[in-house]
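Novice: Dropping in data.csv, with CSV, C-alpha atoms.
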```
chain,number,residue,atom,x,y,z
P,1,MET,CA,-49.9,-72.3,-20.9
P,2,ARG,CA,-49.0,-75.7,-19.4
P,3,ARG,CA,-46.1,-78.1,-19.2
P,4,LEU,CA,-45.2,-78.4,-22.8
P,5,ARG,CA,-44.6,-74.6,-22.7
P,6,ALA,CA,-41.5,-75.2,-20.6
P,7,CYS,CA,-38.5,-73.0,-20.2
P,8,LEU,CA,-36.0,-73.0,-23.0
P,9,GLY,CA,-33.1,-75.4,-22.4
P,10,ALA,CA,-29.5,-74.3,-22.0
P,11,ALA,CA,-28.9,-75.3,-25.7
P,12,ALA,CA,-31.1,-72.3,-26.7
P,13,ALA,CA,-28.2,-70.1,-25.7
P,14,VAL,CA,-25.9,-71.6,-28.4
P,15,GLY,CA,-25.0,-69.0,-31.1
P,16,LEU,CA,-26.2,-66.0,-29.1
P,17,THR,CA,-23.6,-63.2,-29.2
P,18,ALA,CA,-23.5,-59.6,-28.1
P,19,VAL,CA,-25.3,-57.1,-30.2
P,20,GLY,CA,-26.2,-53.5,-29.7
P,21,THR,CA,-29.7,-52.2,-29.4
P,22,THR,CA,-31.5,-49.3,-30.9
P,23,ALA,CA,-34.7,-47.7,-29.5
P,24,LEU,CA,-37.2,-47.9,-32.3
P,25,VAL,CA,-40.9,-48.5,-31.8
P,26,ALA,CA,-41.8,-48.6,-35.5
P,27,GLY,CA,-39.3,-51.4,-36.2
P,28,ASN,CA,-35.6,-52.0,-35.5
P,29,ALA,CA,-32.6,-51.1,-37.5
P,30,SER,CA,-32.5,-54.5,-39.2
P,31,GLY,CA,-35.7,-55.6,-40.8
P,32,ALA,CA,-37.8,-52.6,-39.9
P,33,THR,CA,-41.5,-53.0,-40.6
P,34,ALA,CA,-44.6,-50.9,-40.6
P,35,THR,CA,-47.3,-51.8,-38.0
P,36,LEU,CA,-49.7,-54.5,-39.1
P,37,ASP,CA,-53.4,-54.2,-38.6
P,38,ASN,CA,-54.2,-55.1,-35.0
P,39,ARG,CA,-56.3,-58.0,-36.3
P,40,TRP,CA,-53.1,-59.7,-37.2
P,41,TYR,CA,-51.5,-59.3,-33.8
P,42,ALA,CA,-54.8,-60.7,-32.4
P,43,ALA,CA,-54.5,-63.7,-34.6
P,44,ALA,CA,-50.7,-64.4,-34.0
P,45,PRO,CA,-50.2,-68.1,-33.0
P,46,TYR,CA,-47.5,-68.9,-30.5
P,47,LEU,CA,-44.1,-70.0,-31.8
P,48,MET,CA,-41.0,-71.0,-29.7
P,49,PRO,CA,-38.2,-69.7,-31.9
P,50,LEU,CA,-35.4,-71.5,-29.9
P,51,ASP,CA,-36.9,-74.7,-28.7
P,52,ASN,CA,-39.3,-77.6,-29.7
P,53,ASP,CA,-37.8,-78.0,-33.2
P,54,PRO,CA,-38.9,-74.5,-34.4
P,55,PRO,CA,-40.4,-74.5,-37.8
P,56,ASP,CA,-39.4,-72.0,-40.5
P,57,PRO,CA,-41.8,-69.0,-40.2
P,58,GLY,CA,-41.2,-68.1,-43.8
P,59,ALA,CA,-42.4,-71.5,-45.0
P,60,ILE,CA,-45.6,-71.1,-42.8
P,61,MET,CA,-46.2,-67.6,-44.3
P,62,ASP,CA,-45.9,-68.9,-47.8
P,63,ALA,CA,-48.1,-71.9,-47.2
P,64,THR,CA,-50.9,-70.1,-45.2
P,65,GLY,CA,-50.7,-66.4,-45.7
P,66,LEU,CA,-50.0,-65.9,-42.0
P,67,LYS,CA,-48.3,-62.6,-41.2
P,68,ALA,CA,-47.9,-62.4,-37.4
P,69,PHE,CA,-46.2,-64.7,-34.8
P,70,GLN,CA,-46.4,-64.7,-31.0
P,71,LEU,CA,-42.8,-65.5,-29.9
P,72,ALA,CA,-42.5,-67.3,-26.5
P,73,PHE,CA,-41.4,-66.9,-23.7
P,74,VAL,CA,-39.5,-64.0,-22.0
P,75,LEU,CA,-38.6,-64.9,-18.4
P,76,ALA,CA,-36.3,-63.8,-15.6
P,77,PRO,CA,-32.8,-65.3,-15.6
P,78,ASN,CA,-32.6,-68.7,-14.0
P,79,GLY,CA,-29.8,-67.5,-11.8
P,80,GLY,CA,-31.8,-64.5,-10.6
P,81,GLY,CA,-32.1,-60.9,-11.4
P,82,CYS,CA,-34.5,-58.4,-13.0
P,83,SER,CA,-33.5,-58.6,-16.7
P,84,PRO,CA,-35.3,-60.3,-19.6
P,85,THR,CA,-34.1,-63.6,-21.1
P,86,TRP,CA,-35.5,-66.1,-23.5
P,87,GLY,CA,-36.6,-69.0,-21.4
P,88,GLY,CA,-34.5,-68.0,-18.4
P,89,THR,CA,-31.2,-68.8,-20.2
P,90,ALA,CA,-30.6,-66.5,-23.2
P,91,PRO,CA,-30.3,-62.8,-22.3
P,92,VAL,CA,-32.3,-60.5,-24.6
P,93,SER,CA,-29.5,-57.9,-24.5
P,94,SER,CA,-27.1,-60.2,-26.3
P,95,ASP,CA,-29.6,-62.1,-28.5
P,96,THR,CA,-29.0,-62.5,-32.2
P,97,ALA,CA,-30.8,-65.8,-32.8
P,98,VAL,CA,-34.4,-64.5,-32.2
P,99,GLN,CA,-33.5,-61.2,-33.8
P,100,SER,CA,-32.6,-63.2,-37.0
P,101,VAL,CA,-36.0,-64.9,-36.9
P,102,ILE,CA,-37.8,-61.6,-36.5
P,103,ASN,CA,-35.8,-60.1,-39.4
P,104,GLY,CA,-36.8,-62.9,-41.6
P,105,ILE,CA,-40.5,-62.6,-40.8
P,106,ARG,CA,-40.4,-58.8,-41.3
P,107,ALA,CA,-38.5,-59.2,-44.6
P,108,LYS,CA,-41.5,-61.1,-45.9
P,109,GLY,CA,-44.0,-58.4,-44.8
P,110,GLY,CA,-44.9,-59.9,-41.4
P,111,ASP,CA,-44.3,-59.0,-37.8
P,112,VAL,CA,-44.1,-60.5,-34.3
P,113,SER,CA,-45.5,-60.0,-30.8
P,114,VAL,CA,-43.5,-61.3,-27.8
P,115,SER,CA,-45.1,-63.3,-25.0
P,116,ILE,CA,-43.9,-63.0,-21.4
P,117,GLY,CA,-44.5,-65.6,-18.8
P,118,GLY,CA,-46.1,-68.9,-19.7
P,119,TYR,CA,-46.3,-72.0,-17.5
P,120,GLY,CA,-43.3,-72.6,-15.3
P,121,GLY,CA,-40.0,-70.7,-15.0
P,122,THR,CA,-39.5,-67.6,-13.0
P,123,LYS,CA,-41.3,-64.5,-14.2
P,124,LEU,CA,-40.0,-61.0,-14.0
P,125,GLY,CA,-43.0,-59.9,-11.9
P,126,GLN,CA,-41.9,-62.3,-9.2
P,127,VAL,CA,-38.3,-61.0,-8.9
P,128,CYS,CA,-38.4,-57.3,-9.9
P,129,SER,CA,-38.9,-54.9,-7.0
P,130,ASP,CA,-42.0,-53.2,-8.3
P,131,ALA,CA,-44.1,-52.4,-11.3
P,132,ALA,CA,-41.8,-49.7,-12.6
P,133,ALA,CA,-38.8,-52.1,-12.5
P,134,THR,CA,-40.8,-54.8,-14.1
P,135,ALA,CA,-41.8,-52.5,-16.9
P,136,ALA,CA,-38.3,-51.3,-17.4
P,137,ALA,CA,-37.2,-54.9,-18.0
P,138,TYR,CA,-40.0,-55.5,-20.5
P,139,GLN,CA,-39.2,-52.1,-22.2
P,140,GLN,CA,-35.8,-53.5,-23.1
P,141,VAL,CA,-37.6,-56.2,-25.1
P,142,ILE,CA,-39.8,-53.7,-26.8
P,143,THR,CA,-36.9,-51.4,-27.7
P,144,LYS,CA,-34.6,-54.2,-28.8
P,145,TYR,CA,-37.0,-55.7,-31.2
P,146,GLY,CA,-39.1,-52.6,-32.1
P,147,LEU,CA,-42.3,-54.3,-31.0
P,148,HIS,CA,-45.8,-53.2,-31.8
P,149,ALA,CA,-47.4,-55.9,-29.6
P,150,ILE,CA,-46.8,-57.8,-26.4
P,151,ASP,CA,-48.6,-60.6,-24.5
P,152,PHE,CA,-48.7,-61.0,-20.8
P,153,ASP,CA,-49.2,-64.8,-20.2
P,154,LEU,CA,-50.2,-64.8,-16.5
P,155,GLU,CA,-50.7,-68.3,-15.2
P,156,GLU,CA,-49.3,-70.9,-12.8
P,157,PRO,CA,-47.5,-70.5,-10.6
P,158,GLU,CA,-47.1,-66.7,-10.9
P,159,TYR,CA,-50.8,-65.8,-10.9
P,160,GLU,CA,-51.1,-67.3,-7.4
P,161,ASN,CA,-48.6,-64.6,-6.2
P,162,THR,CA,-50.5,-61.4,-5.5
P,163,ALA,CA,-47.4,-59.2,-5.4
P,164,ALA,CA,-46.2,-60.6,-8.7
P,165,ILE,CA,-49.5,-60.0,-10.5
P,166,LYS,CA,-49.6,-56.5,-9.1
P,167,ASN,CA,-46.2,-56.0,-10.7
P,168,GLU,CA,-47.2,-57.5,-14.0
P,169,ILE,CA,-50.4,-55.6,-14.4
P,170,GLY,CA,-48.7,-52.4,-13.3
P,171,ALA,CA,-46.0,-53.0,-15.8
P,172,ALA,CA,-48.5,-53.6,-18.6
P,173,LYS,CA,-50.2,-50.3,-17.8
P,174,ILE,CA,-46.9,-48.4,-17.9
P,175,LEU,CA,-45.8,-50.0,-21.2
P,176,GLN,CA,-49.2,-49.2,-22.7
P,177,GLN,CA,-48.8,-45.6,-21.6
P,178,ASN,CA,-45.2,-45.2,-22.7
P,179,ASN,CA,-45.6,-47.0,-26.1
P,180,PRO,CA,-48.6,-45.4,-27.9
P,181,GLY,CA,-50.4,-47.9,-30.1
P,182,LEU,CA,-48.8,-50.9,-28.4
P,183,TYR,CA,-51.2,-53.9,-28.8
P,184,VAL,CA,-51.4,-55.6,-25.3
P,185,SER,CA,-53.0,-58.9,-24.7
P,186,VAL,CA,-53.4,-60.6,-21.3
P,187,THR,CA,-53.7,-64.4,-21.3
P,188,THR,CA,-54.7,-66.6,-18.4
P,189,ALA,CA,-56.1,-70.0,-17.6
P,190,GLY,CA,-59.6,-71.1,-18.6
P,191,THR,CA,-62.1,-73.2,-16.7
P,192,ALA,CA,-65.6,-74.4,-17.5
P,193,ASP,CA,-66.8,-71.3,-15.5
P,194,GLY,CA,-64.7,-69.0,-17.6
P,195,THR,CA,-61.6,-68.6,-15.4
P,196,GLY,CA,-60.8,-69.7,-11.9
P,197,TRP,CA,-60.3,-67.8,-8.7
P,198,PHE,CA,-56.8,-66.6,-9.5
P,199,GLY,CA,-57.9,-65.4,-12.9
P,200,LYS,CA,-60.7,-63.4,-11.4
P,201,GLN,CA,-58.3,-61.9,-8.9
P,202,MET,CA,-56.1,-60.8,-11.8
P,203,LEU,CA,-59.0,-59.1,-13.4
P,204,LEU,CA,-59.8,-57.3,-10.2
P,205,GLU,CA,-56.2,-56.1,-10.0
P,206,ALA,CA,-56.5,-54.7,-13.5
P,207,LYS,CA,-59.7,-53.0,-12.5
P,208,SER,CA,-58.1,-51.5,-9.4
P,209,GLN,CA,-55.2,-50.1,-11.4
P,210,GLY,CA,-57.5,-48.7,-14.1
P,211,PHE,CA,-55.8,-50.9,-16.8
P,212,THR,CA,-57.6,-52.1,-19.9
P,213,PRO,CA,-55.6,-54.1,-22.4
P,214,ASN,CA,-56.8,-54.8,-26.0
P,215,ASN,CA,-58.1,-58.1,-24.6
P,216,PHE,CA,-58.2,-60.6,-21.8
P,217,SER,CA,-57.8,-64.1,-23.3
P,218,ILE,CA,-58.5,-67.5,-21.7
P,219,MET,CA,-57.0,-70.9,-22.5
P,220,PRO,CA,-59.9,-73.4,-22.4
P,221,PHE,CA,-57.9,-76.6,-22.3
P,222,ASP,CA,-56.1,-78.7,-19.7
P,223,GLY,CA,-59.2,-78.3,-17.5
P,224,GLY,CA,-61.5,-81.2,-18.4
P,225,PHE,CA,-62.6,-79.7,-21.7
P,226,ASN,CA,-64.2,-81.9,-24.4
P,227,GLY,CA,-64.2,-80.3,-27.8
P,228,ALA,CA,-65.5,-77.0,-29.1
P,229,ALA,CA,-68.8,-76.9,-27.3
P,230,SER,CA,-67.1,-76.9,-23.9
P,231,GLN,CA,-64.8,-74.2,-25.1
P,232,THR,CA,-67.5,-71.8,-26.4
P,233,SER,CA,-69.4,-72.4,-23.2
P,234,ALA,CA,-66.4,-71.3,-21.2
P,235,LEU,CA,-66.0,-68.2,-23.5
P,236,THR,CA,-69.7,-67.3,-22.8
P,237,ASN,CA,-69.1,-67.6,-19.1
P,238,PHE,CA,-65.9,-65.6,-19.2
P,239,ASN,CA,-67.8,-62.9,-21.1
P,240,ALA,CA,-70.2,-62.7,-18.1
P,241,ILE,CA,-67.2,-62.4,-15.7
P,242,LEU,CA,-65.8,-59.5,-17.8
P,243,GLN,CA,-69.2,-57.8,-17.7
P,244,SER,CA,-69.6,-58.1,-13.9
P,245,THR,CA,-66.0,-57.1,-13.2
P,246,PHE,CA,-65.7,-54.0,-15.4
P,247,GLY,CA,-69.3,-53.0,-15.7
P,248,TRP,CA,-69.2,-53.6,-19.5
P,249,ASP,CA,-72.2,-54.5,-21.6
P,250,GLN,CA,-72.0,-57.8,-23.5
P,251,ALA,CA,-70.8,-56.4,-26.7
P,252,THR,CA,-68.0,-54.4,-25.0
P,253,ALA,CA,-66.9,-57.5,-23.1
P,254,TYR,CA,-66.7,-59.5,-26.3
P,255,ALA,CA,-64.7,-56.7,-27.9
P,256,HIS,CA,-62.1,-57.2,-25.1
P,257,GLU,CA,-62.2,-61.0,-25.0
P,258,GLY,CA,-59.9,-63.5,-26.6
P,259,PHE,CA,-59.5,-67.2,-27.1
P,260,SER,CA,-56.2,-69.1,-26.9
P,261,GLY,CA,-56.5,-72.8,-27.7
P,262,MET,CA,-54.2,-75.8,-28.0
P,263,ASN,CA,-54.2,-77.7,-31.3
P,264,GLY,CA,-54.4,-81.4,-31.3
P,265,ARG,CA,-53.8,-83.4,-28.1
P,266,SER,CA,-53.5,-81.3,-24.9
P,267,ASP,CA,-51.3,-82.0,-22.0
P,268,THR,CA,-54.2,-83.7,-20.2
P,269,GLY,CA,-55.2,-85.8,-23.2
P,270,GLU,CA,-58.1,-83.6,-24.5
P,271,ILE,CA,-58.3,-83.7,-28.3
P,272,PHE,CA,-59.1,-80.5,-30.3
P,273,THR,CA,-59.4,-81.1,-34.1
P,274,GLN,CA,-59.6,-78.8,-37.1
P,275,ALA,CA,-63.4,-79.0,-36.8
P,276,ASP,CA,-63.2,-77.8,-33.2
P,277,PHE,CA,-61.1,-74.8,-34.3
P,278,GLN,CA,-63.6,-73.9,-37.0
P,279,THR,CA,-66.5,-74.0,-34.5
P,280,VAL,CA,-64.6,-71.7,-32.0
P,281,LEU,CA,-63.6,-69.5,-34.9
P,282,ASP,CA,-67.2,-69.1,-35.9
P,283,TYR,CA,-68.1,-68.3,-32.3
P,284,ALA,CA,-65.3,-65.7,-32.0
P,285,THR,CA,-66.1,-63.9,-35.3
P,286,SER,CA,-69.9,-64.0,-34.8
P,287,HIS,CA,-69.5,-62.4,-31.3
P,288,ASN,CA,-66.8,-59.9,-32.5
P,289,MET,CA,-64.2,-61.2,-30.1
P,290,ASP,CA,-60.8,-59.4,-30.2
P,291,ARG,CA,-58.4,-62.4,-30.3
P,292,PHE,CA,-58.1,-65.9,-31.6
P,293,THR,CA,-54.8,-67.7,-31.2
P,294,PHE,CA,-53.3,-71.1,-30.2
P,295,TRP,CA,-50.4,-73.0,-28.7
P,296,SER,CA,-48.5,-73.7,-30.9
P,297,LEU,CA,-47.0,-73.5,-34.4
P,298,ASN,CA,-44.3,-75.9,-33.2
P,299,ARG,CA,-47.1,-78.4,-32.9
P,300,ASP,CA,-48.9,-77.6,-36.1
P,301,ARG,CA,-47.8,-80.7,-38.0
P,302,GLN,CA,-48.5,-84.4,-37.9
P,303,CYS,CA,-46.4,-86.6,-35.8
P,304,THR,CA,-44.1,-89.1,-37.5
P,305,PRO,CA,-45.1,-91.8,-37.4
P,306,PRO,CA,-48.8,-90.8,-36.8
P,307,ASP,CA,-49.8,-91.8,-33.3
P,308,ASN,CA,-53.6,-91.1,-33.4
P,309,GLY,CA,-53.7,-89.0,-30.3
P,310,GLY,CA,-51.6,-91.4,-28.1
P,311,ARG,CA,-49.1,-88.8,-26.8
P,312,THR,CA,-48.8,-85.1,-26.2
P,313,SER,CA,-45.8,-83.6,-28.0
P,314,GLY,CA,-44.2,-80.1,-28.2
P,315,THR,CA,-43.3,-80.7,-31.8
P,316,CYS,CA,-46.5,-82.2,-33.4
P,317,SER,CA,-50.2,-82.3,-32.8
P,318,SER,CA,-51.0,-86.0,-32.5
P,319,VAL,CA,-54.0,-85.7,-34.8
P,320,ALA,CA,-54.3,-86.3,-38.5
P,321,GLN,CA,-53.4,-83.1,-40.3
P,322,ASN,CA,-51.5,-81.4,-43.1
P,323,SER,CA,-48.7,-79.1,-41.9
P,324,TRP,CA,-50.0,-75.7,-40.8
P,325,ASP,CA,-53.7,-76.7,-40.9
P,326,PHE,CA,-54.4,-74.8,-37.6
P,327,ALA,CA,-52.5,-71.7,-38.6
P,328,LYS,CA,-55.1,-71.2,-41.4
P,329,TYR,CA,-57.8,-70.5,-38.8
P,330,SER,CA,-55.7,-67.7,-37.5
P,331,VAL,CA,-55.4,-66.3,-41.0
P,332,LYS,CA,-59.2,-66.5,-41.4
P,333,PHE,CA,-59.7,-64.7,-38.1
P,334,ALA,CA,-57.4,-61.9,-39.3
P,335,GLY,CA,-59.7,-61.5,-42.3
P,336,ALA,CA,-57.6,-63.0,-45.0
P,337,THR,CA,-58.1,-66.1,-47.1
P,338,PRO,CA,-55.5,-68.8,-46.8
P,339,PRO,CA,-54.0,-69.9,-50.1
P,340,SER,CA,-55.3,-73.2,-51.5
P,341,SER,CA,-52.9,-76.1,-51.3
P,342,THR,CA,-54.5,-77.6,-54.4
P,343,PRO,CA,-55.6,-74.8,-56.7
P,344,THR,CA,-58.6,-75.5,-58.8
P,345,PRO,CA,-58.5,-74.0,-62.3
P,346,THR,CA,-61.6,-71.9,-63.3
P,347,PRO,CA,-62.4,-72.1,-67.0
P,348,THR,CA,-64.2,-68.7,-67.0
P,349,PRO,CA,-63.9,-65.7,-64.8
P,350,THR,CA,-66.5,-65.6,-62.0
P,351,PRO,CA,-67.9,-62.2,-60.9
P,352,THR,CA,-67.0,-61.4,-57.3
P,353,PRO,CA,-68.8,-59.1,-54.8
P,354,THR,CA,-67.2,-55.9,-53.7
P,355,GLY,CA,-64.0,-56.6,-51.9
P,356,CYS,CA,-63.8,-56.1,-48.1
P,357,LYS,CA,-61.5,-53.4,-46.8
P,358,ALA,CA,-59.1,-54.0,-44.0
P,359,ALA,CA,-60.9,-55.3,-40.9
P,360,TRP,CA,-62.0,-52.8,-38.3
P,361,SER,CA,-59.8,-52.8,-35.1
P,362,SER,CA,-61.0,-51.6,-31.7
P,363,GLY,CA,-57.5,-50.2,-30.9
P,364,SER,CA,-57.0,-48.2,-34.2
P,365,VAL,CA,-57.7,-44.5,-34.6
P,366,TYR,CA,-59.8,-43.7,-37.7
P,367,THR,CA,-60.4,-40.2,-39.3
P,368,ALA,CA,-63.0,-39.0,-41.7
P,369,GLY,CA,-62.9,-41.0,-45.0
P,370,ASP,CA,-61.1,-44.0,-43.6
P,371,GLU,CA,-62.6,-47.3,-44.7
P,372,VAL,CA,-62.8,-50.6,-42.9
P,373,SER,CA,-64.8,-53.9,-43.1
P,374,TYR,CA,-66.9,-55.3,-40.2
P,375,ASN,CA,-69.5,-58.0,-40.1
P,376,LYS,CA,-69.2,-58.6,-43.9
P,377,HIS,CA,-69.9,-54.9,-44.7
P,378,ASN,CA,-67.6,-52.0,-45.7
P,379,TRP,CA,-67.8,-48.9,-43.6
P,380,LYS,CA,-66.5,-45.3,-44.0
P,381,ALA,CA,-65.6,-43.1,-41.0
P,382,LYS,CA,-67.6,-39.8,-40.8
P,383,TRP,CA,-65.2,-38.3,-38.3
P,384,TRP,CA,-62.5,-39.2,-35.8
P,385,THR,CA,-63.3,-42.4,-34.0
P,386,GLN,CA,-61.7,-45.1,-31.9
P,387,ASN,CA,-63.2,-48.3,-30.4
P,388,GLU,CA,-66.7,-47.5,-31.7
P,389,VAL,CA,-68.1,-50.6,-33.4
P,390,PRO,CA,-69.3,-49.9,-36.9
P,391,ALA,CA,-73.1,-49.8,-36.9
P,392,ALA,CA,-75.8,-48.2,-39.2
P,393,THR,CA,-77.0,-45.3,-37.0
P,394,ASP,CA,-77.6,-41.7,-38.1
P,395,TRP,CA,-75.7,-40.4,-35.0
P,396,GLY,CA,-72.8,-42.9,-35.1
P,397,PRO,CA,-69.3,-42.3,-36.6
P,398,TRP,CA,-69.7,-45.0,-39.4
P,399,GLN,CA,-71.5,-45.0,-42.7
P,400,ASP,CA,-72.5,-48.3,-44.2
P,401,GLU,CA,-71.1,-48.8,-47.7
P,402,GLY,CA,-72.8,-52.1,-48.3
P,403,ALA,CA,-72.0,-55.8,-48.2
P,404,CYS,CA,-68.6,-57.1,-49.2
```
As structure tokens, please, write out the structure in this file.

Specialist:
Amino acid sequence: MRRLRACLGAAAAVGLTAVGTTALVAGNASGATATLDNRWYAAAPYLMPLDNDPPDPGAIMDATGLKAFQLAFVLAPNGGGCSPTWGGTAPVSSDTAVQSVINGIRAKGGDVSVSIGGYGGTKLGQVCSDAAATAAAYQQVITKYGLHAIDFDLEEPEYENTAAIKNEIGAAKILQQNNPGLYVSVTTAGTADGTGWFGKQMLLEAKSQGFTPNNFSIMPFDGGFNGAASQTSALTNFNAILQSTFGWDQATAYAHEGFSGMNGRSDTGEIFTQADFQTVLDYATSHNMDRFTFWSLNRDRQCTPPDNGGRTSGTCSSVAQNSWDFAKYSVKFAGATPPSSTPTPTPTPTPTPTGCKAAWSSGSVYTAGDEVSYNKHNWKAKWWTQNEVPAATDWGPWQDEGAC
């Protein structure tokens, strides 16, 4: 995602000591956790756990209700080789620092996804011999941390390398096949037209390999954007690209589309406020998009002293805000209500409508009797179904149980 998403420095390796690994998909031996609803993985904001003055995930969870975090970034070693590291310097195989962060999140009922790639650094797809070798390197990360979700952040300079993108997409397909239920997102650069030439080539590579992730997300920032209207326009244009590339109708394309924004001041001086995030969130939910995330939680706090947008920082947003303001939009996308920072007492109980069930997820399997919420209605499955949008039709798999 751009220059502030730089490689971890050598200091990130401090405190990393050897630790064994255990192959567990449902959670690792320390801090095991059940899989969250896919909506939470789709809403996980990016967090650098070893760099950019990492905030305490537990404090964010307590303040906002957030449950999922997108940890960044896994890269190839700076010295070369086809093995996963954090930021090019800290081998995953001997990591204890990120493991400790993950354990803390899981102990509070949350979970993580791991993002591979990002802007800058050497990606595994560039140095591993083929898709199988690339996948084997990423499988080490999935196994070590017991991951249920992974993000392929394919952008400059890697996405300009045809062979590297072929390796990454091929690896993503292999991981999807070998880890049933794994939530896979693919994130790439956004432009006013949706995505640029290299982004379109990446989509064509996915089509040629028969690979369909949970979503393809674009990053509509650092490209001459000006607030939410320019971002929603790019999302509309990207939807058309998905339709034309994969032969999907509009609704199916939106069900496989995601947004990845940048809170506050971007690398190129664009400003995205809380109001902009709310507008894009409304667009994403009204179009039943699959993902809404942002870069980053390290930046989700006001600069000290406040600088009114005068600089771009990796550790603060450069806009007026309370800490974790932007994380609350992710919580809303996941279908939860963030806790109020200033609770207002109610003198008398107020009747409430029927509560909404857990949000419907395109990647989940439902069987007869399972209940979900979608478009402010509760729905009950009539029979086995997966990736069929709840709709009130006599022949469909869902029964409308009324507004919630």

Novice: Between atom CA of Phe211 of chain P and atom CA of Leu66 of chain P, measure the distance and give it in Å to one decimal.

Specialist: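 Separating atom CA of Phe211 of chain P from atom CA of Leu66 of chain P is a distance of 29.9 Å.
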
Novice: Take the point (-50.3, -93.4, -34.9) as written in the file and pick out every residue within 12 Å of it, counting only C-alpha atoms; give the list as a PyMOL selection string.

Specialist: chain P and resi 302-311+316-320

Novice: Compile the contact shell of Gly170 of chain P as a VMD selection string: residues with an atom at most 8 Å away, counting only C-alpha atoms, same-chain residues fewer than 3 positions apart removed.

Specialist: chain P and resid 131 to 132 135 166 to 167 173 to 174 209

Novice: With distances taken over only C-alpha atoms, which of P:Leu203, P:Ala251, P:Val112, P:Val280 is nearest to Ser230 of chain P?

Specialist: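 When distances to Ser230 of chain P are compared using only C-alpha atoms, the smallest one comes from P:Val280.
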
Novice: Smallest atom-to-atom distance to Trp295 of chain P: which of P:Trp40, P:Trp379, P:Trp398, P:Phe73, using all atoms listed in the file?

Specialist: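 Nearest candidate to Trp295 of chain P out of P:Trp40, P:Trp379, P:Trp398, P:Phe73: P:Phe73.
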
Novice: Tell me, as JSON, numbers by chain, which residues lie within 8 Å of Gln126 of chain P, counting all atoms listed in the file; anything in the same chain fewer than 3 positions away does not count.

Specialist: {"P": [122, 123, 158, 161, 163, 164, 167]}

Novice: State, in Å with one decimal place, the distance from atom CA of Trp324 of chain P to atom CA of Ile271 of chain P.

Specialist: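 Result for atom CA of Trp324 of chain P versus atom CA of Ile271 of chain P: 17.0 Å, one decimal.
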
Novice: Give me, as a PyMOL selection string, all polymer residues having an atom no more than 9 Å from Asn78 of chain P, counting all atoms listed in the file and skipping those fewer than 3 positions away in the same chain.

Specialist: chain P and resi 75+81+85+87-89+121-122

Novice: Go ahead and write the residues just picked, C-alpha atoms, as a PDB file, in the coordinates of the input.

Specialist:
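File again_36.pdb, as written:
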```
ATOM      1  CA  LEU P  75     -38.600 -64.900 -18.400  1.00  0.00           C
ATOM      2  CA  GLY P  81     -32.100 -60.900 -11.400  1.00  0.00           C
ATOM      3  CA  THR P  85     -34.100 -63.600 -21.100  1.00  0.00           C
ATOM      4  CA  GLY P  87     -36.600 -69.000 -21.400  1.00  0.00           C
ATOM      5  CA  GLY P  88     -34.500 -68.000 -18.400  1.00  0.00           C
ATOM      6  CA  THR P  89     -31.200 -68.800 -20.200  1.00  0.00           C
ATOM      7  CA  GLY P 121     -40.000 -70.700 -15.000  1.00  0.00           C
ATOM      8  CA  THR P 122     -39.500 -67.600 -13.000  1.00  0.00           C
TER       9      THR P 122
END
```

Novice: From the list P:Asp290, P:Asp276, P:Leu297, P:Leu235, which residue is nearest Pro49 of chain P when using only C-alpha atoms?

Specialist: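 Among the listed residues, P:Leu297 lies closest to Pro49 of chain P.
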
Novice: Which of these, P:Ser323, P:Ser244, P:Ser260, P:Gln231, has the shortest distance to Ser217 of chain P once you count all atoms listed in the file?

Specialist: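 For Ser217 of chain P, the nearest of the candidates is P:Ser260.
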
Novice: Would you mind listing what lies within 9 Å of Ile102 of chain P as a PyMOL selection string, with all atoms listed in the file counted and same-chain residues fewer than 6 positions away left out?

Specialist: chain P and resi 31+110-112+145

Novice: Got a sec: who's within 8 Å of Lys376 of chain P, counting only C-alpha atoms, leaving out chain neighbours fewer than 4 positions off, as a list in words?

Specialist: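 Here the qualifying residues turn out to be Cys356, Ala403 and Cys404 of chain P.
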
Novice: Between P:Lys200, P:Pro157, P:Glu257, P:Tyr138, which residue has the minimum interatomic distance to Asn178 of chain P, considering all atoms listed in the file?

Specialist: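 Closest to Asn178 of chain P, using all atoms listed in the file: P:Tyr138.
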
Novice: Since the input lacks some atoms of segment 357-362 of chain P, please model N, CA and C atoms and print them as a PDB file, keeping the file's coordinate frame.

Specialist:
```pdb
ATOM      1  N   LYS P 357     -62.664 -54.170 -47.191  1.00  0.00           N
ATOM      2  CA  LYS P 357     -61.500 -53.400 -46.800  1.00  0.00           C
ATOM      3  C   LYS P 357     -60.844 -54.046 -45.580  1.00  0.00           C
ATOM      4  N   ALA P 358     -59.755 -53.457 -45.131  1.00  0.00           N
ATOM      5  CA  ALA P 358     -59.100 -54.000 -44.000  1.00  0.00           C
ATOM      6  C   ALA P 358     -60.037 -54.053 -42.765  1.00  0.00           C
ATOM      7  N   ALA P 359     -59.931 -55.100 -41.971  1.00  0.00           N
ATOM      8  CA  ALA P 359     -60.900 -55.300 -40.900  1.00  0.00           C
ATOM      9  C   ALA P 359     -60.780 -54.187 -39.831  1.00  0.00           C
ATOM     10  N   TRP P 360     -61.947 -53.784 -39.320  1.00  0.00           N
ATOM     11  CA  TRP P 360     -62.000 -52.800 -38.300  1.00  0.00           C
ATOM     12  C   TRP P 360     -61.281 -53.292 -37.024  1.00  0.00           C
ATOM     13  N   SER P 361     -60.547 -52.412 -36.350  1.00  0.00           N
ATOM     14  CA  SER P 361     -59.800 -52.800 -35.100  1.00  0.00           C
ATOM     15  C   SER P 361     -60.189 -51.819 -34.017  1.00  0.00           C
ATOM     16  N   SER P 362     -60.525 -52.374 -32.868  1.00  0.00           N
ATOM     17  CA  SER P 362     -61.000 -51.600 -31.700  1.00  0.00           C
ATOM     18  C   SER P 362     -59.838 -50.634 -31.244  1.00  0.00           C
TER      19      SER P 362
END
```
